[in-house]
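Containing mmCIF, C-alpha atoms: work-v7.cif.
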```cif
data_protein
#
loop_
_atom_site.label_atom_id
_atom_site.label_comp_id
_atom_site.auth_asym_id
_atom_site.auth_seq_id
_atom_site.Cartn_x
_atom_site.Cartn_y
_atom_site.Cartn_z
CA MET L 93 123.67 114.62 59.10
CA SER L 94 123.12 116.47 62.36
CA ASN L 95 125.92 117.46 64.70
CA LEU L 96 124.73 114.93 67.27
CA ALA L 97 124.91 112.12 64.72
CA VAL L 98 128.42 113.19 63.73
CA VAL L 99 129.60 113.10 67.35
CA ARG L 100 127.97 109.70 67.84
CA SER L 101 129.67 108.24 64.75
CA ARG L 102 133.14 109.68 65.42
CA TYR L 103 133.30 109.23 69.20
CA PRO L 104 131.04 106.30 70.14
CA LYS L 105 132.72 105.59 73.51
CA HIS L 106 132.62 109.21 74.61
CA PHE L 107 129.03 109.53 73.46
CA ARG L 108 128.00 106.48 75.52
CA ARG L 109 129.72 107.91 78.57
CA LEU L 110 128.00 111.26 78.13
CA SER L 111 124.66 109.52 77.60
CA GLY L 112 125.14 107.49 80.79
CA LEU L 113 126.08 110.62 82.71
CA GLY L 114 123.01 112.39 81.37
CA ARG L 115 120.73 109.55 82.47
CA SER L 116 122.31 109.59 85.93
CA VAL L 117 121.79 113.34 86.28
CA ARG L 118 118.20 113.03 85.11
CA LEU L 119 117.54 110.20 87.60
CA VAL L 120 118.95 112.30 90.46
CA GLY L 121 116.71 115.16 89.40
CA GLU L 122 113.66 112.89 89.29
CA HIS L 123 114.44 111.63 92.78
CA GLY L 124 114.84 115.18 94.09
CA VAL L 125 111.56 116.41 92.60
CA PHE L 126 109.70 113.34 93.87
CA TYR L 127 111.06 113.74 97.41
CA PHE L 128 110.19 117.43 97.43
CA ARG L 129 106.63 116.69 96.36
CA ALA L 130 106.32 113.97 99.02
CA PHE L 131 107.39 116.37 101.79
CA ARG L 132 105.20 119.16 100.43
CA GLU L 133 102.12 116.91 100.49
CA MET L 134 102.62 115.71 104.08
CA GLY L 135 100.39 118.43 105.50
CA HIS L 136 97.59 117.55 103.11
CA ALA L 137 97.99 113.85 103.91
CA LEU L 138 97.63 114.50 107.64
CA SER L 139 94.52 116.63 107.17
CA ALA L 140 92.72 114.72 104.41
CA TYR L 141 93.89 111.10 104.75
CA ARG L 142 94.06 110.44 108.50
CA LYS L 143 92.42 107.01 108.29
CA GLU L 144 94.79 105.88 105.58
CA THR L 145 97.75 107.11 107.63
CA LEU L 146 96.57 105.19 110.70
CA ARG L 147 96.02 102.06 108.62
CA ILE L 148 99.55 102.28 107.25
CA VAL L 149 100.98 102.81 110.74
CA ALA L 150 99.22 99.66 111.97
CA GLU L 151 100.32 97.72 108.90
CA MET L 152 103.93 98.79 109.25
CA GLY L 153 104.12 98.08 112.95
CA MET L 154 102.29 94.77 113.25
CA GLY L 155 101.87 93.58 109.68
CA THR L 156 98.84 92.06 108.03
CA GLY L 157 97.64 88.53 107.44
CA ALA L 158 100.02 85.79 108.52
CA LEU L 159 102.73 88.34 109.33
CA ALA L 160 100.56 89.81 112.10
CA ILE L 161 100.74 86.51 113.98
CA ILE L 162 104.46 86.94 114.69
CA GLY L 163 104.27 90.67 115.32
CA GLY L 164 105.34 92.06 111.98
CA THR L 165 108.19 94.56 111.77
CA VAL L 166 108.55 94.94 115.55
CA VAL L 167 109.44 91.28 116.07
CA ILE L 168 111.61 91.03 112.95
CA VAL L 169 113.71 94.09 113.79
CA SER L 170 113.96 93.07 117.46
CA PHE L 171 115.09 89.55 116.57
CA MET L 172 117.73 90.83 114.15
CA THR L 173 119.18 93.30 116.67
CA LEU L 174 119.03 90.62 119.37
CA SER L 175 121.18 88.40 117.15
CA ALA L 176 123.53 91.28 116.36
CA GLY L 177 123.94 92.14 120.05
CA ALA L 178 124.64 88.51 120.95
CA LEU L 179 127.23 88.14 118.17
CA LEU L 180 128.85 91.40 119.29
CA ALA L 181 129.12 90.09 122.86
CA ILE L 182 130.50 86.72 121.72
CA GLN L 183 133.21 88.25 119.56
CA GLY L 184 133.93 91.08 121.98
CA PHE L 185 134.31 88.85 125.02
CA ALA L 186 136.52 86.37 123.15
CA SER L 187 138.74 89.07 121.65
CA LEU L 188 139.10 91.05 124.88
CA SER L 189 139.84 87.86 126.81
CA ASN L 190 142.89 87.29 124.61
CA ILE L 191 144.49 90.46 126.02
CA GLY L 192 143.13 90.05 129.56
CA VAL L 193 140.55 92.87 129.54
CA GLU L 194 137.30 90.90 129.18
CA ALA L 195 135.85 93.18 131.88
CA LEU L 196 135.47 95.81 129.14
CA THR L 197 132.80 93.78 127.34
CA GLY L 198 130.17 96.07 128.89
CA PHE L 199 131.91 99.07 127.37
CA PHE L 200 132.10 97.26 124.04
CA ALA L 201 128.34 96.56 124.07
CA ALA L 202 127.38 100.10 125.07
CA PHE L 203 129.68 101.68 122.49
CA ILE L 204 129.22 99.50 119.39
CA ASN L 205 125.53 98.66 119.79
CA VAL L 206 124.39 102.27 120.02
CA ARG L 207 126.65 103.75 117.37
CA ILE L 208 126.83 101.04 114.71
CA ALA L 209 125.20 97.64 115.26
CA ALA L 210 121.65 98.61 116.21
CA PRO L 211 121.21 101.43 113.62
CA VAL L 212 122.64 99.46 110.69
CA THR L 213 120.78 96.26 111.56
CA SER L 214 117.50 98.14 112.02
CA GLY L 215 117.97 99.98 108.72
CA ILE L 216 118.56 96.73 106.85
CA ALA L 217 115.49 95.18 108.49
CA LEU L 218 113.35 98.20 107.58
CA ALA L 219 114.47 98.01 103.96
CA ALA L 220 113.69 94.29 103.79
CA THR L 221 110.27 94.50 105.48
CA ILE L 222 108.53 97.87 105.37
CA GLY L 223 110.41 99.19 102.34
CA ALA L 224 110.08 96.16 100.09
CA GLY L 225 106.41 95.81 101.01
CA ALA L 226 105.75 99.47 100.18
CA THR L 227 107.44 99.14 96.77
CA ALA L 228 105.48 96.01 95.92
CA ARG L 229 102.16 97.53 97.04
CA ILE L 230 102.63 100.84 95.25
CA GLY L 231 103.98 99.09 92.15
CA ALA L 232 100.91 96.86 92.04
CA MET L 233 98.71 99.94 92.29
CA ARG L 234 100.62 101.54 89.41
CA ILE L 235 100.40 98.61 86.99
CA ASN L 236 96.72 98.07 87.88
CA GLU L 237 96.10 101.76 87.07
CA GLU L 238 94.81 102.47 90.58
CA ILE L 239 97.06 105.53 90.87
CA ASP L 240 95.75 106.86 87.56
CA ALA L 241 92.20 106.33 88.83
CA MET L 242 93.04 108.38 91.95
CA GLU L 243 94.19 111.26 89.78
CA VAL L 244 90.96 111.07 87.77
CA MET L 245 88.94 111.26 91.02
CA ALA L 246 90.93 114.36 92.11
CA ILE L 247 92.80 112.44 94.83
CA ARG L 248 96.37 113.59 95.21
CA SER L 249 98.22 110.35 94.56
CA ILE L 250 101.52 111.55 96.01
CA ALA L 251 99.84 112.54 99.27
CA TYR L 252 97.66 109.43 99.50
CA VAL L 253 100.24 106.86 98.44
CA VAL L 254 103.65 108.32 99.34
CA SER L 255 103.31 111.00 102.02
CA THR L 256 101.13 108.79 104.21
CA ARG L 257 103.82 106.09 104.14
CA VAL L 258 106.59 108.54 104.98
CA ILE L 259 104.55 109.78 107.95
CA GLY L 260 103.84 106.19 108.96
CA GLY L 261 107.53 105.38 108.84
CA LEU L 262 108.34 108.36 111.06
CA ILE L 263 105.77 107.24 113.63
CA VAL L 264 106.65 103.55 113.59
CA ILE L 265 110.42 103.94 113.77
CA ILE L 266 110.40 105.29 117.35
CA PRO L 267 108.85 102.25 119.11
CA VAL L 268 110.47 99.82 116.67
CA TYR L 269 113.93 101.23 117.23
CA SER L 270 113.38 101.41 120.99
CA MET L 271 112.69 97.67 121.01
CA ALA L 272 115.68 97.08 118.75
CA VAL L 273 118.10 98.88 121.08
CA LEU L 274 116.69 97.19 124.18
CA MET L 275 117.00 93.74 122.60
CA SER L 276 120.60 94.38 121.55
CA PHE L 277 121.44 95.45 125.12
CA LEU L 278 119.60 92.47 126.63
CA SER L 279 121.22 89.85 124.43
CA ALA L 280 124.72 91.21 125.07
CA GLN L 281 124.18 91.23 128.83
CA LEU L 282 122.63 87.76 128.95
CA TYR L 283 125.48 86.19 127.01
CA THR L 284 128.23 87.95 128.96
CA THR L 285 126.82 87.32 132.43
CA TYR L 286 124.99 83.99 132.11
CA ILE L 287 126.93 82.14 129.42
CA ALA L 288 130.42 83.65 129.56
CA GLY L 289 130.25 83.84 133.36
CA GLN L 290 131.30 87.43 133.92
CA SER L 291 130.09 89.14 137.07
CA ALA L 292 126.93 91.17 136.55
CA GLY L 293 128.37 93.98 138.65
CA VAL L 294 131.48 94.26 136.48
CA TYR L 295 129.46 94.23 133.28
CA ASN L 296 126.94 96.83 134.52
CA HIS L 297 129.70 99.09 135.81
CA TYR L 298 131.41 99.42 132.45
CA PHE L 299 128.17 99.34 130.49
CA TYR L 300 126.51 102.24 132.32
CA THR L 301 129.76 104.17 132.57
CA PHE L 302 130.14 104.35 128.80
CA LEU L 303 126.45 104.44 127.82
CA ARG L 304 126.04 108.15 127.10
CA PRO L 305 122.55 109.68 126.73
CA ALA L 306 123.86 111.85 123.89
CA ASP L 307 124.87 108.72 121.96
CA LEU L 308 121.35 107.31 122.35
CA MET L 309 119.85 110.57 121.11
CA PHE L 310 122.07 110.61 118.03
CA SER L 311 121.32 106.93 117.47
CA PHE L 312 117.59 107.66 117.36
CA LEU L 313 118.23 110.60 115.05
CA GLN L 314 120.19 108.29 112.78
CA ALA L 315 117.32 105.77 112.79
CA ILE L 316 114.80 108.49 111.88
CA VAL L 317 116.93 109.68 108.94
CA MET L 318 117.27 106.06 107.81
CA SER L 319 113.51 105.56 108.00
CA ILE L 320 112.84 108.65 105.88
CA SER L 321 115.46 107.62 103.32
CA VAL L 322 114.21 104.04 103.08
CA MET L 323 110.55 105.04 102.67
CA LEU L 324 111.27 107.74 100.07
CA ILE L 325 113.47 105.46 97.97
CA HIS L 326 111.05 102.53 98.04
CA CYS L 327 108.03 104.72 97.32
CA PHE L 328 109.85 106.29 94.36
CA TYR L 329 110.58 102.98 92.68
CA GLY L 330 107.11 101.64 93.42
CA TYR L 331 105.43 104.80 92.11
CA HIS L 332 107.39 104.66 88.85
CA ALA L 333 107.13 100.89 88.33
CA SER L 334 106.17 99.65 84.87
CA GLY L 335 106.15 96.50 82.79
CA GLY L 336 103.63 94.36 84.63
CA PRO L 337 104.37 92.03 87.56
CA SER L 338 107.95 91.44 86.43
CA GLY L 339 108.47 95.20 86.41
CA VAL L 340 107.26 95.40 90.01
CA GLY L 341 109.75 92.72 91.03
CA PHE L 342 112.51 94.60 89.22
CA ALA L 343 111.49 97.81 91.03
CA VAL L 344 111.62 96.06 94.41
CA GLY L 345 115.13 94.78 93.68
CA ARG L 346 116.40 98.21 92.65
CA ALA L 347 114.76 99.85 95.66
CA VAL L 348 116.29 97.40 98.11
CA ARG L 349 119.76 97.90 96.63
CA ALA L 350 119.43 101.68 96.73
CA SER L 351 118.03 101.72 100.28
CA LEU L 352 120.82 99.49 101.60
CA ILE L 353 123.35 101.91 100.13
CA ALA L 354 121.43 104.77 101.75
CA VAL L 355 121.45 103.03 105.16
CA VAL L 356 125.22 102.58 105.11
CA SER L 357 125.74 106.11 103.78
CA VAL L 358 123.57 107.62 106.54
CA THR L 359 125.55 105.69 109.15
CA LEU L 360 128.83 106.96 107.70
CA LEU L 361 127.74 110.59 107.39
CA VAL L 362 126.09 110.77 110.82
CA SER L 363 129.11 109.15 112.45
CA LEU L 364 131.48 111.61 110.76
CA ALA L 365 129.25 114.58 111.61
CA VAL L 366 128.67 113.64 115.26
CA TYR L 367 131.79 111.76 116.33
CA GLY L 368 134.38 112.90 113.82
CA THR L 369 137.68 111.08 113.91
CA SER L 370 138.17 111.15 117.71
CA GLY L 371 135.32 108.81 118.69
CA ASN L 372 134.12 111.39 121.26
CA PHE L 373 135.08 109.36 124.34
CA ASP L 374 138.00 109.00 126.70
CA LEU L 375 139.08 105.58 127.98
CA ALA L 376 141.31 105.93 131.05
CA GLY L 377 142.14 103.56 133.91
#
```
Show how you would write the structure in this file as C-alpha cells.
Amino acid sequence: MSNLAVVRSRYPKHFRRLSGLGRSVRLVGEHGVFYFRAFREMGHALSAYRKETLRIVAEMGMGTGALAIIGGTVVIVSFMTLSAGALLAIQGFASLSNIGVEALTGFFAAFINVRIAAPVTSGIALAATIGAGATARIGAMRINEEIDAMEVMAIRSIAYVVSTRVIGGLIVIIPVYSMAVLMSFLSAQLYTTYIAGQSAGVYNHYFYTFLRPADLMFSFLQAIVMSISVMLIHCFYGYHASGGPSGVGFAVGRAVRASLIAVVSVTLLVSLAVYGTSGNFDLAG
C-alpha cells in the first residue's frame, strides 16, 4: 500500500481537507494563468480582430435582438441606478427629517451615490447582463466545439473570444457608468425637490458643496476595475464550460456568484485604499 493510501485510510477527515485545499489552490492558479493570457493577448486582439471587437462593443452597449429595442445594458444599468438613487433619497430624507436636518439630503445623495450606491448597483447589473451573456455565449461555443475549431484554424481562441470581450467591457463601461451616475443624481434630486418638497436651492447647495471631482474620478476607476473583474471571471467559466447545455447553465451560475463577490470585494478594497477609515471629508456648520 502506498504512503498516500495509508494517510487516506488513517486520517480521512484530514485528507479530505487537504484535497479541498489543493483543489482551491489549483483553481486560483488556473484563474491567474487564464487572466494573464487574456491580458497578454489584448494587443493581438486589437490588431487582428478589430471587427469582432467592434461587434462585441455594440452588442454589450445596445444588445441584440429583442434586447436592442429597450436599449440593452445602457437602459438596464441606468434604470437600476435610478431606482437606487430614488430609494437613497427616500430613506435619507425620512431619516434626516427625524433629527431636523433634512436639508442635508443633497449631501447624502452626493456622498453615498458616488462612493457606494452607483458603483455597486452598476457592478451587479453588469454581472447580470453583460457577464452572464458572455458566459452563456462562450460556453455554447465550447460545447459546440467552435473554440476547438478556432485552434485548428490557427485562430488564437483566447484573443478572439476573451480578450476582445475584456476590451469591449473597458470601452462600454465609460458611457454606461456615466449614464448610471447621472440617473442616480437625477432621481435623488427629483424626489427630494418635487415629491418631498425641499427647496431646489437648498438641495443644490449641499449637493454641489459635497460632490468632489476626486470622488467621481475614483468612482469611475472603481467601475473600470469592476468591469475587468466581471468580464474575466465570466469568460473564464464560459471558456472552461463542459457537460452540454446543463454544464453551460451551471457555469453561468458559478460565474454570477463569483462576479458578485468580486464586485463587493472591489468596492471594499477601493474604499479602504482611497478613503481609509476617516471618510475623507469634513462636515462643519
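Across the structure, atom CA of L:Phe171 and atom CA of L:Phe342 are spaced 27.9 Å apart.
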For atom CA of L:Val117 and atom CA of L:Ser321, the interatomic separation in Å (one decimal): 19.1 Å
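Run against this file, the PyMOL selection byres ((chain L and resi 135-140) around 12) gives back L:Arg129, L:Ala130, L:Phe131, L:Arg132, L:Glu133, L:Met134, L:Tyr141, L:Arg142, L:Lys143, L:Glu144, L:Thr145, L:Leu146, L:Ile247, L:Arg248, L:Ser249, L:Ile250, L:Ala251, L:Tyr252, L:Val253, L:Val254, L:Ser255, L:Thr256, L:Arg257, L:Val258, L:Ile259, L:Gly260.
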Output check: residues returned by the PyMOL selection byres ((chain L and resi 302) around 8), as a ChimeraX atom specification: /L:199,202-203,298-301,303-304
Provide an axis-aligned box for all listed atoms of stretch 289-301 of chain L, padding each side by 6 Å; report its centre and its edge lengths in Å to one decimal, as AutoDock Vina command-line options.
```
--center_x 129.0 --center_y 94.0 --center_z 134.6 --size_x 17.0 --size_y 32.3 --size_z 20.2
```
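If you count all atoms listed in the file and ignore residues fewer than 2 places along the chain from L:Ser170, what sits within 10 Å of it is Thr165, Val166, Val167, Ile168, Met172, Thr173, Leu174, Ser175, Ala176, Ala210, Thr213, Ser214, Ala217, Val268, Tyr269, Ser270, Met271, Ala272, Val273, Leu274, Met275 and Ser276 of chain L.
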The PyMOL selection byres ((chain L and resi 234) around 12) applied to the shown file, residues as a ChimeraX atom specification: /L:227-233,235-243,249,253,327-337,339-340,343
Keeping C-alpha atoms, export the residues of the selection given above as a PDB file, in the frame of the given file.
```pdb
ATOM      1  CA  THR L 227     107.440  99.140  96.770  1.00  0.00           C
ATOM      2  CA  ALA L 228     105.480  96.010  95.920  1.00  0.00           C
ATOM      3  CA  ARG L 229     102.160  97.530  97.040  1.00  0.00           C
ATOM      4  CA  ILE L 230     102.630 100.840  95.250  1.00  0.00           C
ATOM      5  CA  GLY L 231     103.980  99.090  92.150  1.00  0.00           C
ATOM      6  CA  ALA L 232     100.910  96.860  92.040  1.00  0.00           C
ATOM      7  CA  MET L 233      98.710  99.940  92.290  1.00  0.00           C
ATOM      8  CA  ILE L 235     100.400  98.610  86.990  1.00  0.00           C
ATOM      9  CA  ASN L 236      96.720  98.070  87.880  1.00  0.00           C
ATOM     10  CA  GLU L 237      96.100 101.760  87.070  1.00  0.00           C
ATOM     11  CA  GLU L 238      94.810 102.470  90.580  1.00  0.00           C
ATOM     12  CA  ILE L 239      97.060 105.530  90.870  1.00  0.00           C
ATOM     13  CA  ASP L 240      95.750 106.860  87.560  1.00  0.00           C
ATOM     14  CA  ALA L 241      92.200 106.330  88.830  1.00  0.00           C
ATOM     15  CA  MET L 242      93.040 108.380  91.950  1.00  0.00           C
ATOM     16  CA  GLU L 243      94.190 111.260  89.780  1.00  0.00           C
ATOM     17  CA  SER L 249      98.220 110.350  94.560  1.00  0.00           C
ATOM     18  CA  VAL L 253     100.240 106.860  98.440  1.00  0.00           C
ATOM     19  CA  CYS L 327     108.030 104.720  97.320  1.00  0.00           C
ATOM     20  CA  PHE L 328     109.850 106.290  94.360  1.00  0.00           C
ATOM     21  CA  TYR L 329     110.580 102.980  92.680  1.00  0.00           C
ATOM     22  CA  GLY L 330     107.110 101.640  93.420  1.00  0.00           C
ATOM     23  CA  TYR L 331     105.430 104.800  92.110  1.00  0.00           C
ATOM     24  CA  HIS L 332     107.390 104.660  88.850  1.00  0.00           C
ATOM     25  CA  ALA L 333     107.130 100.890  88.330  1.00  0.00           C
ATOM     26  CA  SER L 334     106.170  99.650  84.870  1.00  0.00           C
ATOM     27  CA  GLY L 335     106.150  96.500  82.790  1.00  0.00           C
ATOM     28  CA  GLY L 336     103.630  94.360  84.630  1.00  0.00           C
ATOM     29  CA  PRO L 337     104.370  92.030  87.560  1.00  0.00           C
ATOM     30  CA  GLY L 339     108.470  95.200  86.410  1.00  0.00           C
ATOM     31  CA  VAL L 340     107.260  95.400  90.010  1.00  0.00           C
ATOM     32  CA  ALA L 343     111.490  97.810  91.030  1.00  0.00           C
TER      33      ALA L 343
END
```
Exercise: L:Thr197 partners within 7 Å, only C-alpha atoms, chain neighbours under 6 positions left out, as a PyMOL selection string: chain L and resi 181+184-185+295
Suppose we keep C-alpha atoms; can you now write the selection as a PDB file, keeping the file's coordinate frame?
```pdb
ATOM      1  CA  ALA L 181     129.120  90.090 122.860  1.00  0.00           C
ATOM      2  CA  GLY L 184     133.930  91.080 121.980  1.00  0.00           C
ATOM      3  CA  PHE L 185     134.310  88.850 125.020  1.00  0.00           C
ATOM      4  CA  TYR L 295     129.460  94.230 133.280  1.00  0.00           C
TER       5      TYR L 295
END
```
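Atom pair atom CA of L:Arg346 / atom CA of L:Val169: separated by 21.7 Å.
Between L:Arg147 and the candidates L:Leu278, L:Ser189, L:His123, L:Val264, the tightest atom-to-atom separation, counting only C-alpha atoms, involves L:Val264.
Residue nearest L:Gln183 within the list L:Val358, L:Ala220, L:Val212, L:Ile204: L:Ile204 [criterion: smallest interatomic distance, all atoms listed in the file].
Considering all atoms listed in the file, the residue among L:Ala186, L:Ile325, L:Ala280, L:Ile222 positioned nearest to L:Gly261 is L:Ile222.
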Close residues, L:Ala288 itself excluded, 9 Å, only C-alpha atoms, min 3 positions apart in chain, as a list in words: Ile182, Phe185, Leu282, Tyr283, Thr284 and Thr285 of chain L
